[in-house]
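All remarks here apply to the structure that follows.
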Amino acid sequence: MAEDAQRKRRSFLAALATGLALVATGELFWVASAFIRPRKRRDMRDRREGLIVAGPVETFARDSVTAFPEGKFYLVRLSDGGFLALHRRCTHLGCTVPWDEEAARFICPCHASSFDMRGAVLGPPAARPLDLFTVRIENGIVKVDAGQVIERQTFVPEQVTHPSARRRTAAPPPPRRDG
Amino acid sequence: MGEVPEVPERRGLLRSIWHSIFRGPVVPRDERERRRVVLIHLPLHLRPTQVPEAALRYSRTFGLGGMALVLIGLLMVTGVLLVFVYKPSPEDAHGSLLTLQREVLFGRLVRNVHYWSANFLVVVTCLHLLRVFFTGAFHGARQFNWVIGLLLLLGVLLSNFTGYLLPWDQRSYWAITICASMASYVPIAGPWLQRLVQGGSEIGASTLLNFYAIHTTISPVFILILVGFHSWRIRKAGGVVTPPVVGTPDRVSFVPNLLMREVAVGLGLVAGVLLLSVFASAPLGAPANPGMSPNPAKAPWYFMGFQELLLHFHSLFSVFVLPLAAAVALFLIPYLRYDAEPSGVWFLSAKGRRLAIGAAVFGLVVAPVLVIADEFIFTRESWLPGAASWLRSGVLPVAGLTLATCALAFALKRRFAPTRGEMTQTIFVLLVTAFAVLTMTGVWFRGRGMALTWPRSQPASAVTEIAEAEE
Ligand code: FES
């Protein structure tokens, strides 16, 4: 009987020791991951710094693409007057896509994906349209929140921000997140 | 007998210091001493005192494992030197390399040795893996050592990959961008993986610092520990794998028979790397410019096979399913059931050799044909226009290729009646050849916009970039 109790106690202690060792290992990895994990501060831009004032609505002609290298996006004004802010990062493997004025499309230098003015895919290998940033138009001034990338699966008209007819209206609803 | 004196003989101070360090012969004079030196000296004590004469043959191993060790040694020495000059921040990294190359005595040479050793290490490790596979050195006591070897390959690739970013020039910046983006195609964990690799939402200061830290601490320690473990297990398994012999094998002492051969291979390799480093420089292009991607942008050469896969298959398969299947298959190789476990015979048998050569030739012909067919005939528009891309360039081609391989295996089985080992070897050769062809296609035959071209017709962009950086 006493021997049995002893054996039980031993196996309990052994299990306890193993458990503690596992917990300690887990903690080690947890601490290590906290060191490697991306930190807000270490990101190039944090959320608030990301707000970029692009300028008054009138400065952007219809059917035009303006590059904002400091925000890593293109501000596109479509022919209907609406605005889109396209992330310049190719959705295939992350290269920077330049706007080709002559071909009237974005052509990726790395593997030749192409995108139209709205960021929709014209040619593979890219499968998704270019990512978006939220565009706000306040008092006729276009502002882009370049801190938060919005992924989408297809182009839908709701993604476009239109300057409202009346001035001084509140910001229109932000582009919808799809997929 | 009289009493034993405390000090058997009187020595001078220098002699007694010498004897306190080397407690035995350093240069052995007879057979007994030759065995003793192995036992009493730390650098040698991992080695056996005697080896079978059959293990001395160079063609047994081609000295590949030893070469890997020598390269790791070169990498450690040059790496430590480089740490004194290199500055791991986006502003300073590229400049510190220019300083290294222009102002530091032998700076360029040291960097070149590091660069060439690192690239050779990947090659040598892969060749070593092939050698171990083809001589059947993964049965019995060696089973788990195969797994350790795979982990070492992983460590070598991690080291190379993290080192690739450090020059912070156009080539390294965009290669890592591409690899991080490839990681993002992994289902579910993809975006998280990408952020982990990048240390943030994009490649920047934290990526560089993370890579530098891993490159200089975690991965070398990981490799060193595993190398020790790997070597120790070879010892425990009875040394280099040799063909079975009848009776007792002839044994010769380790010193000098094997030692001298190893030293010769090692010195030859060091001389070769040094000579190459004098004449061929590690590339250093224009500083990284996140606003301008080069055309084409390629991953490091050892990952080009995967980037090439991505051109042919749906991302789910090329980045996740196929690599995972390959990794699992590699891991399982020693644990499959074989009817016999012949070790130490190249390619198992004469039949095994013939089948292996046949598979290699077949792979060398069929893989390029498939690559070209996919490029020009099965383009995305012309082939099954209505189907979803995961079906058209994912499930269907993968299933088709798997079926074709199975059919081939079945036909071979009926025709040649190979053993399981020979069959596994044949399929292994076929797959390895196919992957090698993909890698070579990606590295040499992809030009602007990743279109198929001849290597010669590409613009020598790398060369002009170097000229730019040097002003
Ligand atoms: S990264 Fe743009 S096409 Fe590949």
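Chain identifiers are assigned as A, B, and so on, following the order in which chains appear in the structure tokens; residues are numbered from 1 within each chain, and ligands are numbered from 1 in order of appearance.
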
Note to self: Please check the contacts: residues of chain B at most 9 Å away from chain A, using only C-alpha atoms, listed as a VMD selection string.
What the structure shows: chain B and resid 174 177 to 182 184 195 to 196 198 to 202 204 to 207 210 290 to 298 311 380 448 to 451

Check: segment 59-134 of chain A: which residues are strand (DSSP E or B) by DSSP, as a PyMOL selection string?
Finding: chain A and resi 64-68+73-77+83-87+89+96+99-100+105-107+114-115+121-123+132-134

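Proximity to Leu46 of chain B was assessed for B:Phe254, B:Phe222, B:Tyr86, B:Phe138 counting only C-alpha atoms; the smallest distance is recorded for B:Phe254.
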
Margin query: For the alpha helix (DSSP H) assignment from backbone DSSP, which residues of segment 8-159 of chain A qualify? Please present them as a PyMOL selection string.
Written below: chain A and resi 8-36

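What separates atom CA of Phe347 of chain B from atom CA of Val156 of chain B is a distance of 26.3 Å.
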